[in-house]
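Student: Provided below: entry-v7.cif, containing mmCIF, C-alpha atoms.
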```
data_input
#
loop_
_atom_site.label_atom_id
_atom_site.label_comp_id
_atom_site.auth_asym_id
_atom_site.auth_seq_id
_atom_site.Cartn_x
_atom_site.Cartn_y
_atom_site.Cartn_z
CA MET U 1 5.99 29.28 -6.64
CA LEU U 2 5.91 29.41 -10.42
CA LYS U 3 9.27 27.76 -10.54
CA ILE U 4 8.02 24.87 -8.47
CA LEU U 5 5.25 24.28 -11.02
CA LYS U 6 7.87 23.67 -13.67
CA ASN U 7 8.90 20.51 -11.86
CA LYS U 8 6.88 17.78 -13.58
CA TRP U 9 6.92 15.58 -10.45
CA VAL U 10 5.28 18.30 -8.39
CA VAL U 11 2.62 18.79 -11.05
CA ALA U 12 1.97 15.05 -11.40
CA PHE U 13 1.53 14.59 -7.64
CA ALA U 14 -0.66 17.70 -7.39
CA ILE U 15 -2.98 16.28 -10.06
CA ILE U 16 -3.18 12.90 -8.32
CA ILE U 17 -3.91 14.60 -4.97
CA ILE U 18 -6.72 16.69 -6.47
CA LEU U 19 -8.26 13.53 -7.97
CA THR U 20 -8.19 11.52 -4.70
CA PRO U 21 -11.84 12.35 -3.76
CA LEU U 22 -12.80 9.99 -6.61
CA GLY U 23 -11.84 7.32 -4.09
CA ILE U 24 -14.80 8.33 -1.92
CA PHE U 25 -17.25 9.46 -4.65
CA LEU U 26 -17.18 6.23 -6.66
CA PRO U 27 -17.91 3.88 -3.73
CA GLU U 28 -20.69 6.24 -2.61
CA TYR U 29 -22.21 6.32 -6.10
CA PHE U 30 -22.06 2.56 -6.55
CA LYS U 31 -23.23 1.91 -2.98
CA ALA U 32 -20.17 -0.11 -2.09
CA GLY U 33 -19.19 -0.61 1.52
CA ASP U 34 -15.87 -1.19 3.25
CA ALA U 35 -13.13 -3.44 1.95
CA TRP U 36 -13.46 -7.10 2.87
CA GLY U 37 -12.27 -7.69 6.43
CA GLU U 38 -11.99 -3.99 7.27
CA TRP U 39 -15.30 -3.70 9.08
CA SER U 40 -15.83 -1.94 12.39
CA THR U 41 -16.80 -4.02 15.40
CA GLU U 42 -20.41 -2.77 15.01
CA GLN U 43 -20.48 -4.14 11.47
CA VAL U 44 -19.02 -7.46 12.59
CA LYS U 45 -21.80 -7.65 15.16
CA GLU U 46 -24.40 -7.00 12.45
CA GLN U 47 -22.92 -9.72 10.26
CA THR U 48 -22.27 -12.47 12.79
CA GLY U 49 -24.45 -11.57 15.75
CA SER U 50 -21.58 -10.95 18.16
CA VAL U 51 -18.13 -9.41 18.48
CA PRO U 52 -15.36 -11.87 19.43
CA GLU U 53 -13.85 -11.07 22.85
CA GLY U 54 -10.28 -10.55 21.64
CA MET U 55 -11.41 -8.39 18.75
CA LYS U 56 -13.38 -6.13 21.08
CA LYS U 57 -10.30 -5.38 23.20
CA GLU U 58 -7.73 -5.20 20.43
CA ALA U 59 -9.87 -2.91 18.27
CA GLU U 60 -9.80 -0.27 21.02
CA LEU U 61 -6.04 -0.35 21.41
CA TYR U 62 -5.34 2.71 19.29
CA LYS U 63 -7.22 5.74 17.98
CA ALA U 64 -5.69 7.38 14.94
CA PRO U 65 -5.69 11.20 14.95
CA ILE U 66 -7.33 11.47 11.50
CA ALA U 67 -9.22 8.17 11.44
CA ASP U 68 -10.55 7.16 8.01
CA TYR U 69 -9.00 10.24 6.38
CA THR U 70 -11.76 12.44 7.73
CA LEU U 71 -12.59 14.64 10.70
CA ASN U 72 -16.32 13.98 10.56
CA GLU U 73 -17.85 11.07 8.69
CA GLU U 74 -21.29 12.67 8.82
CA SER U 75 -20.39 15.89 6.99
CA SER U 76 -21.28 16.72 3.38
CA MET U 77 -19.52 15.21 0.37
CA ALA U 78 -17.87 18.56 -0.35
CA LYS U 79 -16.38 18.66 3.13
CA GLN U 80 -15.41 14.99 2.94
CA SER U 81 -13.54 15.72 -0.30
CA LEU U 82 -11.70 18.54 1.39
CA TYR U 83 -10.72 16.31 4.34
CA TYR U 84 -9.62 13.64 1.89
CA ILE U 85 -7.42 16.04 -0.06
CA LEU U 86 -5.96 17.43 3.17
CA SER U 87 -5.21 13.86 4.30
CA ALA U 88 -3.43 13.23 1.01
CA ILE U 89 -1.35 16.38 1.48
CA ILE U 90 -0.50 15.44 5.07
CA GLY U 91 0.52 11.91 4.05
CA VAL U 92 2.67 13.08 1.16
CA GLY U 93 4.05 15.87 3.36
CA ILE U 94 5.23 13.38 6.00
CA ILE U 95 6.87 11.26 3.30
CA PHE U 96 8.54 14.36 1.86
CA ILE U 97 9.93 15.34 5.27
CA LEU U 98 11.20 11.79 5.86
CA SER U 99 12.98 11.66 2.48
CA PHE U 100 14.46 15.08 3.11
CA GLY U 101 15.79 13.87 6.46
CA LEU U 102 17.21 10.75 4.82
CA LYS U 103 18.89 12.87 2.17
CA LYS U 104 20.54 15.01 4.84
CA LEU U 105 21.66 11.89 6.67
CA VAL U 106 23.13 10.28 3.58
CA SER U 107 24.81 13.40 2.24
CA LYS U 108 26.54 13.79 5.62
CA ASN U 109 28.19 10.37 5.40
CA ASP U 110 28.23 10.08 1.66
CA ARG U 111 31.19 8.15 0.41
CA ASP U 112 30.82 9.25 -3.19
CA PRO U 113 30.88 13.03 -3.48
CA LYS U 114 30.90 12.80 -7.28
CA LEU U 115 27.19 12.06 -7.41
CA PRO U 116 25.01 14.99 -8.33
CA ALA U 117 23.24 16.38 -5.28
CA TYR U 118 19.58 17.05 -5.83
CA MET M 1 -6.23 -5.38 2.27
CA HIS M 2 -5.35 -3.29 5.34
CA ILE M 3 -6.05 -5.65 8.23
CA PRO M 4 -7.43 -3.57 11.14
CA ASP M 5 -6.73 -4.04 14.86
CA GLY M 6 -8.86 -6.80 16.30
CA TYR M 7 -8.73 -9.24 13.40
CA LEU M 8 -5.40 -10.96 14.08
CA GLY M 9 -4.53 -12.69 17.33
CA PRO M 10 -1.14 -12.06 19.03
CA LYS M 11 0.31 -15.35 17.73
CA THR M 12 -0.19 -14.16 14.19
CA TYR M 13 0.64 -10.50 14.50
CA ILE M 14 3.81 -11.05 16.55
CA THR M 15 5.03 -13.59 13.99
CA MET M 16 4.30 -11.16 11.17
CA TYR M 17 6.10 -8.34 13.01
CA ALA M 18 9.14 -10.62 13.39
CA ILE M 19 9.18 -11.51 9.69
CA PHE M 20 8.70 -7.89 8.70
CA THR M 21 11.52 -6.70 10.99
CA ALA M 22 13.91 -9.31 9.56
CA PHE M 23 13.17 -8.24 5.98
CA ILE M 24 13.51 -4.53 6.79
CA PHE M 25 16.83 -5.21 8.49
CA VAL M 26 18.15 -6.89 5.34
CA ALA M 27 16.69 -4.16 3.12
CA ILE M 28 18.40 -1.40 5.11
CA LYS M 29 21.69 -3.29 4.99
CA LYS M 30 21.40 -3.72 1.23
CA LEU M 31 20.41 -0.11 0.64
CA LYS M 32 23.20 1.26 2.81
CA LYS M 33 25.63 -0.18 0.30
CA LYS M 34 24.12 1.39 -2.77
CA LEU M 35 21.85 4.17 -1.58
CA SER M 36 22.89 7.20 -3.53
CA LEU M 37 21.56 10.70 -3.18
CA LYS M 38 20.12 10.17 -6.61
CA LEU M 39 17.87 7.33 -5.50
CA ILE M 40 16.40 9.06 -2.43
CA PRO M 41 13.95 11.33 -4.26
CA PHE M 42 12.64 8.28 -6.13
CA LEU M 43 12.29 6.40 -2.87
CA GLY M 44 10.11 9.29 -1.71
CA PHE M 45 8.16 9.42 -4.99
CA ALA M 46 7.47 5.67 -4.82
CA SER M 47 6.29 5.98 -1.23
CA ALA M 48 4.07 8.98 -2.00
CA PHE M 49 2.68 7.32 -5.13
CA SER M 50 1.82 4.18 -3.20
CA PHE M 51 0.23 6.21 -0.41
CA LEU M 52 -1.93 8.15 -2.87
CA ILE M 53 -2.94 5.29 -5.18
CA MET M 54 -4.28 3.42 -2.15
CA MET M 55 -6.67 6.33 -1.53
CA PHE M 56 -8.47 5.59 -4.81
CA ASN M 57 -11.06 3.14 -3.53
CA ILE M 58 -12.68 1.21 -6.32
CA PRO M 59 -16.21 -0.04 -5.73
CA ILE M 60 -17.76 -3.35 -6.59
CA PRO M 61 -21.31 -2.05 -7.11
CA GLY M 62 -23.37 -2.94 -4.08
CA GLY M 63 -20.45 -4.83 -2.59
CA THR M 64 -17.06 -4.09 -1.12
CA THR M 65 -14.28 -1.73 -2.17
CA GLY M 66 -10.63 -2.28 -2.92
CA HIS M 67 -7.71 -0.43 -4.37
CA ALA M 68 -4.39 -0.71 -6.14
CA VAL M 69 -1.26 -0.57 -3.98
CA GLY M 70 1.41 0.71 -6.34
CA ALA M 71 3.93 -1.71 -4.84
CA ALA M 72 4.43 -3.58 -8.11
CA LEU M 73 5.36 -0.38 -9.92
CA ALA M 74 7.68 0.60 -7.07
CA GLY M 75 9.38 -2.79 -7.28
CA LEU M 76 9.91 -2.54 -11.03
CA VAL M 77 11.24 1.01 -10.90
CA ILE M 78 13.45 1.21 -7.79
CA GLY M 79 13.98 -2.50 -7.14
CA PRO M 80 12.24 -4.72 -4.57
CA TRP M 81 14.42 -3.85 -1.55
CA ALA M 82 14.00 -0.10 -1.97
CA ALA M 83 10.30 -0.58 -2.77
CA MET M 84 9.94 -2.52 0.47
CA ILE M 85 11.06 0.52 2.46
CA ALA M 86 9.01 2.97 0.37
CA VAL M 87 5.72 1.06 0.63
CA SER M 88 6.28 0.21 4.32
CA VAL M 89 6.63 3.91 5.11
CA ALA M 90 3.34 4.62 3.32
CA LEU M 91 1.59 1.78 5.17
CA ILE M 92 2.94 2.81 8.58
CA ILE M 93 1.76 6.40 8.05
CA GLN M 94 -1.66 5.07 7.03
CA ALA M 95 -1.88 3.00 10.20
CA LEU M 96 -0.56 5.60 12.66
CA VAL M 97 -2.14 8.76 11.28
CA PHE M 98 -5.25 7.59 9.44
CA GLY M 99 -6.16 4.35 11.19
CA ASP M 100 -6.08 2.55 7.82
CA GLY M 101 -4.78 -0.85 8.90
CA GLY M 102 -4.25 -1.63 12.57
CA ILE M 103 -1.09 -0.93 14.55
CA THR M 104 -1.00 -4.57 15.64
CA ALA M 105 -1.28 -5.56 11.97
CA ILE M 106 1.54 -3.34 10.67
CA GLY M 107 3.83 -6.36 10.35
CA ALA M 108 1.22 -8.39 8.47
CA ASN M 109 0.13 -5.54 6.20
CA CYS M 110 3.71 -4.56 5.37
CA PHE M 111 4.53 -8.22 4.69
CA THR M 112 1.76 -8.66 2.12
CA MET M 113 1.85 -5.26 0.42
CA ALA M 114 5.43 -4.01 0.90
CA ILE M 115 7.44 -7.25 0.84
CA VAL M 116 5.53 -9.88 -1.12
CA MET M 117 4.21 -7.55 -3.80
CA PRO M 118 7.46 -5.95 -5.05
CA PHE M 119 9.26 -9.31 -5.18
CA ILE M 120 6.46 -11.18 -6.96
CA ALA M 121 6.17 -8.21 -9.34
CA VAL M 122 9.85 -8.24 -10.25
CA TRP M 123 9.90 -12.04 -10.70
CA THR M 124 6.75 -11.99 -12.85
CA TYR M 125 8.14 -9.17 -14.94
CA LYS M 126 11.44 -10.94 -15.56
CA LEU M 127 9.67 -14.20 -16.38
CA ILE M 128 7.57 -12.56 -19.09
CA ALA M 129 9.83 -9.81 -20.41
CA GLY M 130 13.14 -11.64 -20.23
CA ASN M 131 15.81 -9.31 -21.52
CA THR M 132 13.73 -7.76 -24.27
CA ASP M 133 13.02 -4.08 -24.66
CA ASN M 134 10.08 -4.71 -26.95
CA LYS M 135 7.37 -2.27 -25.91
CA ARG M 136 4.46 -4.66 -26.21
CA ARG M 137 6.19 -7.42 -24.28
CA THR M 138 7.38 -5.14 -21.46
CA GLY M 139 3.86 -3.70 -21.26
CA VAL M 140 2.31 -7.16 -20.92
CA ALA M 141 5.00 -8.09 -18.39
CA ALA M 142 4.31 -4.96 -16.32
CA PHE M 143 0.57 -5.62 -16.38
CA PHE M 144 0.99 -9.15 -15.08
CA ALA M 145 3.58 -7.98 -12.53
CA GLY M 146 0.81 -5.85 -11.01
CA TYR M 147 -1.97 -8.40 -11.50
CA VAL M 148 -0.15 -11.42 -10.10
CA SER M 149 1.52 -9.61 -7.19
CA LEU M 150 -1.71 -8.06 -5.89
CA ASN M 151 -3.47 -11.40 -6.11
CA VAL M 152 -0.74 -13.20 -4.18
CA ALA M 153 -0.90 -10.48 -1.50
CA ALA M 154 -4.70 -10.81 -1.32
CA LEU M 155 -4.45 -14.59 -0.98
CA ILE M 156 -1.96 -14.33 1.89
CA THR M 157 -4.16 -11.74 3.61
CA ALA M 158 -7.17 -14.04 3.23
CA VAL M 159 -5.23 -16.96 4.72
CA LEU M 160 -4.18 -14.80 7.69
CA PHE M 161 -7.85 -13.90 8.25
CA GLY M 162 -9.01 -17.48 7.77
CA LEU M 163 -6.45 -18.97 10.15
CA GLN M 164 -7.76 -16.97 13.11
CA PRO M 165 -10.86 -19.07 13.89
CA ILE M 166 -8.55 -22.11 13.84
CA ILE M 167 -5.60 -20.90 15.92
CA SER M 168 -7.07 -18.17 18.15
CA THR M 169 -10.10 -19.46 20.04
CA ASP M 170 -11.29 -19.43 23.64
CA ALA M 171 -11.64 -22.59 25.73
CA ALA M 172 -15.02 -23.33 24.18
CA GLY M 173 -13.62 -23.03 20.65
CA ASN M 174 -15.24 -19.69 19.83
CA PRO M 175 -13.12 -17.37 17.68
CA LEU M 176 -11.39 -14.59 19.64
CA TYR M 177 -10.42 -12.55 16.61
CA SER M 178 -11.47 -12.59 12.93
CA PRO M 179 -14.45 -14.98 12.95
CA TYR M 180 -14.53 -15.75 9.24
CA PRO M 181 -13.13 -19.19 8.34
CA LEU M 182 -10.80 -19.94 5.41
CA LYS M 183 -13.64 -21.17 3.24
CA ILE M 184 -15.28 -17.73 3.44
CA ALA M 185 -12.22 -15.48 3.57
CA VAL M 186 -10.24 -17.06 0.72
CA PRO M 187 -12.95 -17.08 -1.99
CA ALA M 188 -14.21 -13.61 -1.01
CA MET M 189 -10.79 -11.97 -1.09
CA THR M 190 -9.30 -13.83 -4.05
CA LEU M 191 -12.32 -13.48 -6.35
CA GLU M 192 -12.61 -9.71 -6.00
CA HIS M 193 -8.89 -9.30 -6.62
CA LEU M 194 -8.80 -11.76 -9.54
CA LEU M 195 -11.76 -10.11 -11.24
CA LEU M 196 -11.29 -6.42 -10.52
CA PHE M 197 -8.63 -5.00 -8.20
CA GLY M 198 -5.82 -7.07 -9.73
CA ILE M 199 -6.69 -5.74 -13.17
CA VAL M 200 -6.57 -2.18 -11.80
CA GLU M 201 -3.13 -2.80 -10.24
CA GLY M 202 -2.02 -4.29 -13.57
CA ILE M 203 -3.17 -1.29 -15.58
CA VAL M 204 -1.68 1.21 -13.11
CA THR M 205 1.63 -0.68 -13.18
CA MET M 206 1.68 -0.93 -16.97
CA VAL M 207 0.73 2.68 -17.73
CA PHE M 208 3.14 4.31 -15.28
CA PHE M 209 5.94 1.84 -15.98
CA GLN M 210 5.80 2.42 -19.73
CA TYR M 211 5.73 6.16 -19.18
CA LEU M 212 8.66 6.15 -16.72
CA LYS M 213 10.67 3.84 -18.97
CA LYS M 214 10.29 6.30 -21.81
CA ALA M 215 10.86 9.44 -19.73
CA ASN M 216 13.64 8.13 -17.45
CA PRO M 217 15.26 5.19 -19.22
CA GLU M 218 18.27 5.25 -16.90
CA LEU M 219 16.00 4.88 -13.86
CA VAL M 220 14.11 1.85 -15.09
CA SER M 221 17.02 -0.44 -15.69
CA ASN M 222 16.93 -4.14 -14.96
CA LYS M 223 17.25 -4.48 -11.23
#
```
Written as structure tokens, how would this file's structure read?

Tutor:
Amino acid sequence: MLKILKNKWVVAFAIIIILTPLGIFLPEYFKAGDAWGEWSTEQVKEQTGSVPEGMKKEAELYKAPIADYTLNEESSMAKQSLYYILSAIIGVGIIFILSFGLKKLVSKNDRDPKLPAY
Amino acid sequence: MHIPDGYLGPKTYITMYAIFTAFIFVAIKKLKKKLSLKLIPFLGFASAFSFLIMMFNIPIPGGTTGHAVGAALAGLVIGPWAAMIAVSVALIIQALVFGDGGITAIGANCFTMAIVMPFIAVWTYKLIAGNTDNKRRTGVAAFFAGYVSLNVAALITAVLFGLQPIISTDAAGNPLYSPYPLKIAVPAMTLEHLLLFGIVEGIVTMVFFQYLKKANPELVSNK
């Protein structure tokens, strides 16, 4: 564990992950809403008076397992921060697993064995 | 800039999926030739960095939010074709796991953020920096690589939104998908990126690029 902390990449990513809740605190503090064009169908209805037919159907096509990087949008800021950090870890974890798989794949059919393996 | 499900009609999202698939096909072909074990960790780092930097939502007080994408930095460091794969992976995870960007819009979102951004970034950088190694000039070049590329991506996204009420309507002419016309979508999206989010992408690109160039000079070579 201590050895892993000596890797500057691991440390850098850990710091960025811990700071991610800033991405929910700052919008909350400055009372900023969603990004432009990323509104829910309810919000579109509020803005325009109705939800277009195609949008209504297409919006229900897929439900993400951890929608909006949270498990409960109503919970406290502390809990939201925790969900946000966990989401960051899950996302980075998936990317790590994918790159590891790719590395295995490439090292199996690597044509240049002289390259350092790391 | 993550278009959700429901905003793009099938005509648009199928076209964008086709364009995206074609680019990824070329990227994989190109990378197969020169993908070394040495590059793979950096492919992963670029993907993870892009994923994380997009979590930092920046507010316009009382208005909307936006964020940097990290695709310009990825383009400058690992080259546009590798960056395309790295950022696409981040965007696809965001769509599938976190519902950030729709699954129908994966092609469109990957086109703007993973394809357009790294290429525009590399071209902008080369245009400004030329072959110099001068720290100030490469810094300015990296800033504008981020600034210009994010703004181009935002403009394309706005046009995709704004086209919907024109090309996807019911028999009576009512919009079936995104109801906001070009004259609303384009100014709204471009202004916020010109005035704020583009500057953030520029600063992120500049700071990390200068650092990586100093710490890993062999990595950040002219690609």

Student: Would you list the contacts of M:Ser168 as a ChimeraX atom specification, taking every protein, DNA or RNA residue within 8 Å and counting only C-alpha atoms, but skipping same-chain residues closer than 6 positions in sequence?

Tutor: /M:9,11,175-177

Student: Mind telling me what the PyMOL selection byres ((chain U and resi 38) around 7) catches here, as a PyMOL selection string?

Tutor: (chain U and resi 34-37+39-40) or (chain M and resi 2-4)

Student: Which residues of stretch 19-103 of chain U come within 9 Å of stretch 55-59 of chain M, and what is each one's closest atom pair and distance in Å (one decimal), counting only C-alpha atoms, sorted by chain and residue number, as CSV?

Tutor:
```
residue,atom,partner,partner_atom,distance
U:Leu19,CA,M:Phe56,CA,8.5
U:Thr20,CA,M:Phe56,CA,5.9
U:Pro21,CA,M:Phe56,CA,7.6
U:Leu22,CA,M:Phe56,CA,6.4
U:Gly23,CA,M:Phe56,CA,3.9
U:Ile24,CA,M:Asn57,CA,6.6
U:Phe25,CA,M:Asn57,CA,8.9
U:Leu26,CA,M:Pro59,CA,6.4
U:Pro27,CA,M:Pro59,CA,4.7
U:Glu28,CA,M:Pro59,CA,8.3
U:Tyr29,CA,M:Pro59,CA,8.8
U:Phe30,CA,M:Pro59,CA,6.5
U:Lys31,CA,M:Pro59,CA,7.8
U:Ala32,CA,M:Pro59,CA,5.4
U:Gly33,CA,M:Pro59,CA,7.9
U:Ala35,CA,M:Asn57,CA,8.8
U:Tyr84,CA,M:Met55,CA,8.6
U:Ala88,CA,M:Met55,CA,8.0
```

Student: I'd like to see the residues matched by the PyMOL selection byres ((chain M) within 8 of (chain U)) on this file, and ideally I'd get them as a JSON list (two decimals) with C-alpha atoms, in the coordinates of the input.

Tutor:
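The file below, expr_1.json, is the result:
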```
[["chain", "number", "residue", "atom", "x", "y", "z"],
["M", 1, "MET", "CA", -6.23, -5.38, 2.27],
["M", 2, "HIS", "CA", -5.35, -3.29, 5.34],
["M", 3, "ILE", "CA", -6.05, -5.65, 8.23],
["M", 4, "PRO", "CA", -7.43, -3.57, 11.14],
["M", 5, "ASP", "CA", -6.73, -4.04, 14.86],
["M", 6, "GLY", "CA", -8.86, -6.80, 16.30],
["M", 7, "TYR", "CA", -8.73, -9.24, 13.40],
["M", 9, "GLY", "CA", -4.53, -12.69, 17.33],
["M", 36, "SER", "CA", 22.89, 7.20, -3.53],
["M", 37, "LEU", "CA", 21.56, 10.70, -3.18],
["M", 38, "LYS", "CA", 20.12, 10.17, -6.61],
["M", 40, "ILE", "CA", 16.40, 9.06, -2.43],
["M", 41, "PRO", "CA", 13.95, 11.33, -4.26],
["M", 43, "LEU", "CA", 12.29, 6.40, -2.87],
["M", 44, "GLY", "CA", 10.11, 9.29, -1.71],
["M", 47, "SER", "CA", 6.29, 5.98, -1.23],
["M", 48, "ALA", "CA", 4.07, 8.98, -2.00],
["M", 49, "PHE", "CA", 2.68, 7.32, -5.13],
["M", 51, "PHE", "CA", 0.23, 6.21, -0.41],
["M", 52, "LEU", "CA", -1.93, 8.15, -2.87],
["M", 55, "MET", "CA", -6.67, 6.33, -1.53],
["M", 56, "PHE", "CA", -8.47, 5.59, -4.81],
["M", 57, "ASN", "CA", -11.06, 3.14, -3.53],
["M", 58, "ILE", "CA", -12.68, 1.21, -6.32],
["M", 59, "PRO", "CA", -16.21, -0.04, -5.73],
["M", 60, "ILE", "CA", -17.76, -3.35, -6.59],
["M", 61, "PRO", "CA", -21.31, -2.05, -7.11],
["M", 62, "GLY", "CA", -23.37, -2.94, -4.08],
["M", 63, "GLY", "CA", -20.45, -4.83, -2.59],
["M", 64, "THR", "CA", -17.06, -4.09, -1.12],
["M", 65, "THR", "CA", -14.28, -1.73, -2.17],
["M", 66, "GLY", "CA", -10.63, -2.28, -2.92],
["M", 89, "VAL", "CA", 6.63, 3.91, 5.11],
["M", 90, "ALA", "CA", 3.34, 4.62, 3.32],
["M", 93, "ILE", "CA", 1.76, 6.40, 8.05],
["M", 94, "GLN", "CA", -1.66, 5.07, 7.03],
["M", 95, "ALA", "CA", -1.88, 3.00, 10.20],
["M", 96, "LEU", "CA", -0.56, 5.60, 12.66],
["M", 97, "VAL", "CA", -2.14, 8.76, 11.28],
["M", 98, "PHE", "CA", -5.25, 7.59, 9.44],
["M", 99, "GLY", "CA", -6.16, 4.35, 11.19],
["M", 100, "ASP", "CA", -6.08, 2.55, 7.82],
["M", 103, "ILE", "CA", -1.09, -0.93, 14.55],
["M", 161, "PHE", "CA", -7.85, -13.90, 8.25],
["M", 174, "ASN", "CA", -15.24, -19.69, 19.83],
["M", 175, "PRO", "CA", -13.12, -17.37, 17.68],
["M", 176, "LEU", "CA", -11.39, -14.59, 19.64],
["M", 177, "TYR", "CA", -10.42, -12.55, 16.61],
["M", 178, "SER", "CA", -11.47, -12.59, 12.93],
["M", 179, "PRO", "CA", -14.45, -14.98, 12.95],
["M", 188, "ALA", "CA", -14.21, -13.61, -1.01],
["M", 189, "MET", "CA", -10.79, -11.97, -1.09]]
```

Student: I'd like the interatomic distance between atom CA of M:Val87 and atom CA of U:Gln80, to a tenth of an Å.

Tutor: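 Going from atom CA of M:Val87 over to atom CA of U:Gln80 covers 25.4 Å.
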